[in-house]
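Engineer: So here's input.txt, just compact mmCIF, C-alpha atoms:
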# COMPACT_ATOMS: atom_id res chain seq x y z
CA MET A 1 0.00 0.00 0.00
CA VAL A 2 1.25 3.49 -0.86
CA LEU A 3 0.27 5.86 1.92
CA ALA A 4 1.45 9.45 1.91
CA PRO A 5 0.24 12.22 4.27
CA GLY A 6 -3.42 12.95 3.58
CA PHE A 7 -6.30 10.55 2.89
CA LYS A 8 -6.35 11.36 -0.83
CA LEU A 9 -2.86 9.93 -1.15
CA LEU A 10 -3.88 6.38 -0.27
CA PHE A 11 -3.23 4.02 -3.20
CA PRO A 12 -3.73 0.33 -2.28
CA PRO A 13 -2.22 -2.04 -4.90
CA SER A 14 -4.64 -4.87 -4.06
CA ALA A 15 -8.40 -4.51 -4.61
CA ALA A 16 -11.53 -3.40 -2.78
CA THR A 17 -12.97 -6.16 -0.61
CA ASP A 18 -16.52 -5.45 -1.78
CA THR A 19 -15.63 -6.44 -5.35
CA VAL A 20 -12.76 -8.91 -5.17
CA PRO A 21 -13.79 -11.12 -7.08
CA ASP A 22 -16.95 -12.28 -5.39
CA PHE A 23 -19.37 -11.26 -8.10
CA TRP A 24 -17.61 -13.64 -10.47
CA VAL A 25 -17.50 -16.42 -7.92
CA ALA A 26 -21.27 -15.97 -7.53
CA ASN A 27 -22.03 -15.81 -11.24
CA ASN A 28 -19.74 -18.41 -12.72
CA LEU A 29 -18.44 -20.75 -10.03
CA GLY A 30 -21.71 -20.66 -8.16
CA TYR A 31 -24.90 -20.02 -10.06
CA ASP A 32 -23.75 -21.10 -13.52
CA ALA A 33 -22.44 -24.35 -12.06
CA GLY A 34 -25.96 -25.16 -10.90
CA HIS A 35 -25.60 -24.18 -7.24
CA ARG A 36 -28.68 -22.47 -5.84
CA ASN A 37 -28.28 -22.78 -2.07
CA VAL A 38 -24.92 -21.87 -0.56
CA MET A 39 -23.48 -21.21 2.87
CA THR A 40 -20.73 -18.74 3.70
CA ILE A 41 -18.05 -18.86 6.35
CA THR A 42 -15.49 -16.24 7.38
CA TRP A 43 -14.06 -14.39 10.33
CA ARG A 44 -16.23 -11.69 11.84
CA TYR A 45 -14.21 -8.71 10.66
CA ALA A 46 -14.53 -6.05 7.97
CA ALA A 47 -12.82 -7.85 5.08
CA GLY A 48 -14.71 -11.08 5.54
CA GLN A 49 -18.08 -9.43 6.06
CA GLU A 50 -17.65 -7.17 3.02
CA ASP A 51 -16.77 -10.16 0.87
CA VAL A 52 -19.85 -12.06 2.01
CA GLU A 53 -22.06 -9.04 1.29
CA ALA A 54 -20.59 -8.75 -2.22
CA LEU A 55 -21.25 -12.42 -2.87
CA LYS A 56 -24.83 -12.17 -1.59
CA GLU A 57 -25.54 -9.13 -3.73
CA SER A 58 -24.67 -10.98 -6.92
CA PHE A 59 -25.86 -14.46 -6.04
CA VAL A 60 -29.29 -13.45 -4.73
CA LYS A 61 -29.85 -11.14 -7.70
CA LEU A 62 -29.34 -14.15 -9.99
CA GLY A 63 -31.92 -16.16 -8.09
CA GLY A 64 -29.67 -18.04 -5.68
CA LYS A 65 -30.02 -18.15 -1.92
CA VAL A 66 -27.49 -17.81 0.88
CA THR A 67 -29.05 -20.18 3.37
CA GLU A 68 -26.72 -19.42 6.28
CA GLU A 69 -23.80 -17.15 7.12
CA LEU A 70 -21.28 -18.65 9.54
CA TYR A 71 -18.85 -16.43 11.44
CA LEU A 72 -16.19 -16.89 14.08
CA PRO A 73 -14.11 -14.27 15.89
CA PHE A 74 -10.89 -13.16 14.21
CA PRO A 75 -8.35 -14.81 14.30
CA GLN A 76 -9.89 -17.94 15.83
CA VAL A 77 -9.24 -21.18 13.92
CA GLU A 78 -11.44 -23.67 15.74
CA PHE A 79 -13.61 -24.57 12.75
CA GLN A 80 -14.96 -27.97 13.73
CA ALA A 81 -18.35 -26.90 15.09
CA LEU A 82 -19.05 -24.81 11.99
CA ILE A 83 -17.87 -27.55 9.64
CA THR A 84 -20.28 -29.89 11.41
CA GLN A 85 -23.10 -27.42 10.69
CA ILE A 86 -22.15 -27.39 7.00
CA ALA A 87 -22.20 -31.19 6.90
CA GLN A 88 -25.64 -31.26 8.51
CA LYS A 89 -27.16 -28.56 6.28
CA LYS A 90 -25.72 -29.99 3.02
CA PRO A 91 -25.63 -26.80 0.90
CA ASP A 92 -24.86 -26.95 -2.81
CA ALA A 93 -21.56 -25.17 -2.20
CA VAL A 94 -19.64 -23.17 0.41
CA PHE A 95 -18.03 -19.76 -0.04
CA ALA A 96 -15.16 -19.06 2.36
CA PHE A 97 -12.99 -16.03 3.00
CA PHE A 98 -9.80 -16.76 4.95
CA ALA A 99 -6.11 -16.05 4.46
CA GLY A 100 -2.79 -17.09 5.94
CA GLY A 101 -2.77 -19.65 8.74
CA GLY A 102 -6.55 -19.58 9.00
CA ALA A 103 -6.87 -20.50 5.33
CA VAL A 104 -4.45 -23.38 5.79
CA LYS A 105 -6.34 -24.87 8.70
CA PHE A 106 -9.82 -24.34 7.26
CA VAL A 107 -9.03 -25.96 3.90
CA LYS A 108 -7.37 -28.91 5.64
CA ASP A 109 -10.20 -29.32 8.17
CA TYR A 110 -12.81 -29.10 5.39
CA ALA A 111 -11.06 -31.85 3.43
CA ALA A 112 -10.48 -33.97 6.53
CA ALA A 113 -14.23 -33.94 7.13
CA GLY A 114 -14.72 -35.24 3.59
CA LEU A 115 -16.84 -32.26 2.56
CA ASN A 116 -14.69 -31.34 -0.43
CA ARG A 117 -15.84 -34.52 -2.18
CA ASN A 118 -19.51 -33.48 -2.31
CA ILE A 119 -19.77 -29.79 -1.38
CA PRO A 120 -17.48 -27.60 -3.53
CA LEU A 121 -15.48 -24.97 -1.65
CA TYR A 122 -14.99 -21.62 -3.39
CA GLY A 123 -13.57 -18.26 -2.43
CA PRO A 124 -11.32 -15.33 -3.29
CA GLY A 125 -7.80 -16.45 -4.14
CA PHE A 126 -6.36 -15.38 -0.79
CA ILE A 127 -7.55 -18.73 0.56
CA THR A 128 -4.93 -20.55 -1.55
CA ASP A 129 -2.31 -17.88 -2.26
CA GLY A 130 0.90 -18.32 -0.28
CA THR A 131 -0.63 -21.32 1.50
CA LEU A 132 -0.42 -24.27 -0.91
CA ASP A 133 2.74 -25.80 0.56
CA ALA A 134 0.99 -26.12 3.91
CA GLN A 135 -2.44 -27.11 2.53
CA GLY A 136 -1.06 -29.95 0.43
CA ASP A 137 -3.57 -32.37 -1.07
CA ALA A 138 -6.49 -30.69 0.72
CA ALA A 139 -6.45 -27.76 -1.70
CA GLN A 140 -6.07 -29.71 -4.93
CA GLY A 141 -8.66 -28.90 -7.56
CA MET A 142 -10.01 -25.81 -5.80
CA PHE A 143 -11.21 -22.97 -8.01
CA THR A 144 -10.64 -19.40 -6.83
CA THR A 145 -10.58 -15.94 -8.39
CA LEU A 146 -8.06 -13.16 -7.83
CA HIS A 147 -6.12 -10.40 -9.57
CA TYR A 148 -3.07 -12.62 -10.07
CA ALA A 149 -2.45 -16.22 -11.09
CA ASP A 150 0.48 -18.51 -11.71
CA ALA A 151 1.37 -19.15 -15.34
CA LEU A 152 -0.09 -15.99 -16.83
CA ASN A 153 2.68 -16.54 -19.38
CA THR A 154 3.02 -12.93 -20.50
CA PRO A 155 6.46 -11.46 -21.23
CA ARG A 156 6.05 -9.03 -18.32
CA ASP A 157 5.07 -11.68 -15.82
CA ASN A 158 7.63 -14.21 -17.04
CA ALA A 159 10.42 -11.66 -16.60
CA PHE A 160 9.17 -10.76 -13.12
CA ARG A 161 8.89 -14.37 -12.01
CA LEU A 162 12.36 -15.20 -13.30
CA ALA A 163 13.95 -12.22 -11.54
CA TYR A 164 12.04 -12.93 -8.33
CA ALA A 165 13.04 -16.60 -8.34
CA LYS A 166 16.70 -15.71 -8.85
CA ALA A 167 16.62 -13.19 -6.00
CA TYR A 168 14.56 -15.12 -3.44
CA LYS A 169 14.83 -18.79 -4.50
CA GLN A 170 11.06 -19.18 -4.65
CA GLN A 171 8.15 -18.25 -6.88
CA PRO A 172 6.20 -15.04 -6.22
CA ASP A 173 2.60 -14.96 -5.03
CA VAL A 174 0.00 -12.20 -5.10
CA TYR A 175 1.56 -10.53 -2.07
CA ALA A 176 4.91 -10.24 -3.84
CA VAL A 177 3.23 -8.71 -6.88
CA GLN A 178 1.33 -6.21 -4.74
CA GLY A 179 4.52 -5.17 -2.97
CA TYR A 180 6.29 -4.73 -6.29
CA ASP A 181 3.43 -2.66 -7.67
CA ALA A 182 3.32 -0.50 -4.55
CA GLY A 183 6.93 0.38 -5.35
CA GLN A 184 5.99 1.19 -8.94
CA ILE A 185 3.15 3.48 -7.80
CA LEU A 186 5.47 5.24 -5.39
CA ALA A 187 8.09 5.68 -8.11
CA VAL A 188 5.53 7.33 -10.44
CA GLY A 189 4.56 9.87 -7.79
CA LEU A 190 8.11 10.62 -6.68
CA ALA A 191 9.29 11.10 -10.26
CA ALA A 192 6.49 13.58 -10.90
CA VAL A 193 7.43 15.73 -7.89
CA LYS A 194 11.19 15.16 -8.27
CA GLY A 195 11.35 13.72 -4.76
CA ASP A 196 9.55 16.60 -3.08
CA VAL A 197 6.93 14.72 -1.03
CA GLY A 198 5.46 18.02 0.11
CA LYS A 199 3.82 18.38 -3.30
CA LYS A 200 0.90 16.17 -2.39
CA ALA A 201 -1.54 17.28 -5.07
CA GLU A 202 1.02 16.82 -7.84
CA PHE A 203 1.99 13.40 -6.46
CA ALA A 204 -1.63 12.27 -6.43
CA ALA A 205 -2.40 13.69 -9.88
CA ALA A 206 0.51 11.82 -11.45
CA VAL A 207 -0.49 8.50 -9.92
CA GLU A 208 -4.17 8.98 -10.84
CA LYS A 209 -3.21 9.35 -14.51
CA ALA A 210 -0.67 6.54 -14.58
CA THR A 211 -0.88 3.09 -16.13
CA ILE A 212 1.06 0.66 -13.96
CA ASP A 213 2.94 -2.00 -15.96
CA SER A 214 2.31 -4.83 -13.52
CA PRO A 215 3.13 -8.55 -13.73
CA ARG A 216 -0.60 -9.11 -13.15
CA GLY A 217 -1.36 -7.09 -16.29
CA ALA A 218 -1.34 -3.34 -16.78
CA PHE A 219 -3.80 -1.47 -14.58
CA THR A 220 -4.99 2.06 -13.88
CA LEU A 221 -6.53 3.47 -10.72
CA SER A 222 -10.19 4.21 -10.13
CA LYS A 223 -11.61 7.41 -8.70
CA ALA A 224 -11.39 5.71 -5.31
CA HIS A 225 -7.70 4.88 -6.00
CA ASN A 226 -8.26 1.13 -6.27
CA PRO A 227 -6.81 -0.80 -9.22
CA VAL A 228 -8.94 -1.22 -12.34
CA GLN A 229 -7.63 -4.65 -13.20
CA ASN A 230 -8.26 -8.09 -14.61
CA ILE A 231 -9.62 -10.85 -12.38
CA TYR A 232 -8.44 -14.38 -13.10
CA LEU A 233 -10.06 -17.76 -12.58
CA ARG A 234 -7.47 -20.12 -11.10
CA LYS A 235 -7.38 -23.83 -10.30
CA VAL A 236 -5.05 -25.40 -7.77
CA GLU A 237 -2.75 -27.90 -9.45
CA GLY A 238 0.22 -29.07 -7.45
CA LYS A 239 1.76 -26.02 -5.81
CA GLU A 240 0.32 -23.49 -8.24
CA ASN A 241 -2.84 -21.46 -8.65
CA LYS A 242 -2.87 -22.05 -12.39
CA LEU A 243 -4.60 -19.71 -14.77
CA VAL A 244 -7.83 -21.07 -16.24
CA SER A 245 -9.22 -17.93 -17.86
CA VAL A 246 -9.70 -14.19 -17.51
CA ALA A 247 -12.83 -13.98 -15.39
CA ALA A 248 -13.36 -10.24 -15.76
CA LYS A 249 -11.47 -7.59 -17.70
CA ALA A 250 -10.65 -4.19 -16.20
CA LEU A 251 -12.90 -4.67 -13.17
CA SER A 252 -13.47 -1.47 -11.18
CA ASP A 253 -14.79 -1.25 -7.64
CA PRO A 254 -18.11 0.50 -6.87
CA ALA A 255 -16.42 2.85 -4.35
CA ARG A 256 -19.38 2.75 -1.98
CA GLY A 257 -19.04 5.42 0.67
CA CYS A 258 -15.89 6.86 -0.86
CA ARG A 259 -15.83 10.69 -0.82
CA MET A 260 -12.86 11.16 -3.16
Represent the supplied structure as structure tokens.
Structural biologist:
Amino acid sequence: MVLAPGFKLLFPPSAATDTVPDFWVANNLGYDAGHRNVMTITWRYAAGQEDVEALKESFVKLGGKVTEELYLPFPQVEFQALITQIAQKKPDAVFAFFAGGGAVKFVKDYAAAGLNRNIPLYGPGFITDGTLDAQGDAAQGMFTTLHYADALNTPRDNAFRLAYAKAYKQQPDVYAVQGYDAGQILAVGLAAVKGDVGKKAEFAAAVEKATIDSPRGAFTLSKAHNPVQNIYLRKVEGKENKLVSVAAKALSDPARGCRM
């Protein structure tokens, strides 16, 4: 995230949680796959709740139904009681929003209960990004959507992945790309003001007009300063979130409540 003094100089290189990429999960991985009754599960905190609301908005509008929303306090990882509820209710599918250690444990617990064989588990790509080594077989075959995927196979991404692997002896994930792009955004602003960070308006104006040449694909910034970017459908194969298709091109956030 690029954060300079003043609210109007906030430029997050990720995506707004009320768009990422839940509308596409609802439309294509959910409704179009024949699922009509789904359950959701996440931590009770802003990111998780916003993601669930975004999913509901799209899924219900299509004619689907969110039969139950399951929450647990952040960062609790005792999922068993909630997984038991899912098994008893037998929804068509489950939408989950977790990341990091919580994502590792939830995906493994879900598979250990045998639910992944009959009740598909979907979610934003954070549930499998940076976690596949620890999730192992439990994550195999999962479909997720996010603004980055392994094997995009573009010249820009291939060069980035090669350089990253040489420097850090591992492959980059979405967090590495976001950090890299935060540096690119900062460089655009600093170049425009010749290093004078006191020129806030000029810094912001330069970044607002810029096209960032990212490994994820070139993106611009919305009025709310969130990336206008492609969203990718990915499938877990081995230790990669492999590209399946471009789920949405140049997706912009709705900027609800934003006063910029």
Engineer: Taking every listed atom of region 150-168 of chain A and adding 5 Å to each side, what centre and edge lengths in Å (one decimal) does the axis-aligned box have, as JSON?
Structural biologist:
{"center_x": 8.3, "center_y": -14.1, "center_z": -12.3, "size_x": 26.8, "size_y": 20.1, "size_z": 27.8}
Engineer: What separation in Å, quoted to one decimal, exists between CA of Gly217 (chain A) and CA of Gly48 (chain A)?
Structural biologist: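 Straight-line distance from CA of Gly217 (chain A) to CA of Gly48 (chain A) works out to 25.9 Å.
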Engineer: From the list A:Asp51, A:Asp109, A:Asp213, A:Glu208, which residue is nearest Pro124 (chain A) when using all atoms listed in the file?
Structural biologist: A:Asp51
Engineer: I want to know what sits within 12 Å of Arg161 (chain A), based on all atoms listed in the file, with residues of the same chain fewer than 2 positions away left out; could you give that as number ranges by chain?
Structural biologist: A: 149-159, 163-174, 176-177, 180, 214-216
Engineer: Go ahead and write the residues just picked, C-alpha atoms, as a short mmCIF file (atom, residue, chain, number, x, y, z; two decimals), keeping the file's coordinate frame.
Structural biologist:
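Output saved as again.cif:
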data_model
loop_
_atom_site.label_atom_id
_atom_site.label_comp_id
_atom_site.auth_asym_id
_atom_site.auth_seq_id
_atom_site.Cartn_x
_atom_site.Cartn_y
_atom_site.Cartn_z
CA ALA A 149 -2.45 -16.22 -11.09
CA ASP A 150 0.48 -18.51 -11.71
CA ALA A 151 1.37 -19.15 -15.34
CA LEU A 152 -0.09 -15.99 -16.83
CA ASN A 153 2.68 -16.54 -19.38
CA THR A 154 3.02 -12.93 -20.50
CA PRO A 155 6.46 -11.46 -21.23
CA ARG A 156 6.05 -9.03 -18.32
CA ASP A 157 5.07 -11.68 -15.82
CA ASN A 158 7.63 -14.21 -17.04
CA ALA A 159 10.42 -11.66 -16.60
CA ALA A 163 13.95 -12.22 -11.54
CA TYR A 164 12.04 -12.93 -8.33
CA ALA A 165 13.04 -16.60 -8.34
CA LYS A 166 16.70 -15.71 -8.85
CA ALA A 167 16.62 -13.19 -6.00
CA TYR A 168 14.56 -15.12 -3.44
CA LYS A 169 14.83 -18.79 -4.50
CA GLN A 170 11.06 -19.18 -4.65
CA GLN A 171 8.15 -18.25 -6.88
CA PRO A 172 6.20 -15.04 -6.22
CA ASP A 173 2.60 -14.96 -5.03
CA VAL A 174 0.00 -12.20 -5.10
CA ALA A 176 4.91 -10.24 -3.84
CA VAL A 177 3.23 -8.71 -6.88
CA TYR A 180 6.29 -4.73 -6.29
CA SER A 214 2.31 -4.83 -13.52
CA PRO A 215 3.13 -8.55 -13.73
CA ARG A 216 -0.60 -9.11 -13.15
#
Engineer: Could you state the separation of CA of Tyr71 (chain A) and CA of Ile41 (chain A) in Å, given to one decimal place?
Structural biologist: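 Between these atoms lies a distance of 5.7 Å.
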Engineer: Quick one: of A:Ala46, A:Val38, A:Ala112, A:Val60, who's nearest to Ile86 (chain A), counting all atoms listed in the file?
Structural biologist: A:Val38
Engineer: So how far away is CA of Leu121 (chain A) from CA of Asp137 (chain A), in Å?
Structural biologist: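 Taking CA of Asp137 (chain A) as the start and CA of Leu121 (chain A) as the end point, the length is 14.0 Å.
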Engineer: With distances taken over all atoms listed in the file, which of A:Leu62, A:Leu190, A:Val104, A:Val246 is nearest to Phe203 (chain A)?
Structural biologist: A:Leu190
Engineer: Using all atoms listed in the file, which residue out of A:Ala204, A:Ala96, A:Ile83, A:Met142 lies closest to Tyr110 (chain A)?
Structural biologist: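 The answer is A:Ile83, which sits nearest to Tyr110 (chain A).
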Engineer: Using all atoms listed in the file, which of the listed residues (A:Phe160, A:Phe79, A:Tyr232, A:Tyr45) sits closest to Thr145 (chain A)?
Structural biologist: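 Among A:Phe160, A:Phe79, A:Tyr232, A:Tyr45, it is A:Tyr232 that comes nearest to Thr145 (chain A).
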Engineer: Tell me, as a PDB file with C-alpha atoms, in the coordinates of the input, which residues lie within 12 Å of Thr67 (chain A), counting only C-alpha atoms; anything in the same chain fewer than 6 positions away does not count.
Structural biologist:
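Writing done, so here's out-v4.pdb:
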ATOM      1  CA  HIS A  35     -25.600 -24.180  -7.240  1.00  0.00           C
ATOM      2  CA  ARG A  36     -28.680 -22.470  -5.840  1.00  0.00           C
ATOM      3  CA  ASN A  37     -28.280 -22.780  -2.070  1.00  0.00           C
ATOM      4  CA  VAL A  38     -24.920 -21.870  -0.560  1.00  0.00           C
ATOM      5  CA  MET A  39     -23.480 -21.210   2.870  1.00  0.00           C
ATOM      6  CA  THR A  40     -20.730 -18.740   3.700  1.00  0.00           C
ATOM      7  CA  ILE A  41     -18.050 -18.860   6.350  1.00  0.00           C
ATOM      8  CA  LYS A  56     -24.830 -12.170  -1.590  1.00  0.00           C
ATOM      9  CA  PHE A  59     -25.860 -14.460  -6.040  1.00  0.00           C
ATOM     10  CA  VAL A  60     -29.290 -13.450  -4.730  1.00  0.00           C
ATOM     11  CA  GLN A  85     -23.100 -27.420  10.690  1.00  0.00           C
ATOM     12  CA  ILE A  86     -22.150 -27.390   7.000  1.00  0.00           C
ATOM     13  CA  LYS A  89     -27.160 -28.560   6.280  1.00  0.00           C
ATOM     14  CA  LYS A  90     -25.720 -29.990   3.020  1.00  0.00           C
ATOM     15  CA  PRO A  91     -25.630 -26.800   0.900  1.00  0.00           C
ATOM     16  CA  ASP A  92     -24.860 -26.950  -2.810  1.00  0.00           C
ATOM     17  CA  ALA A  93     -21.560 -25.170  -2.200  1.00  0.00           C
ATOM     18  CA  VAL A  94     -19.640 -23.170   0.410  1.00  0.00           C
ATOM     19  CA  PHE A  95     -18.030 -19.760  -0.040  1.00  0.00           C
TER      20      PHE A  95
END
Engineer: Looking at A:Ile119, A:Ala103, A:Ala47, A:Ile212, which one is nearest to Gln135 (chain A), with distances taken over all atoms listed in the file?
Structural biologist: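 Comparing A:Ile119, A:Ala103, A:Ala47, A:Ile212 against Gln135 (chain A), the winner is A:Ala103.
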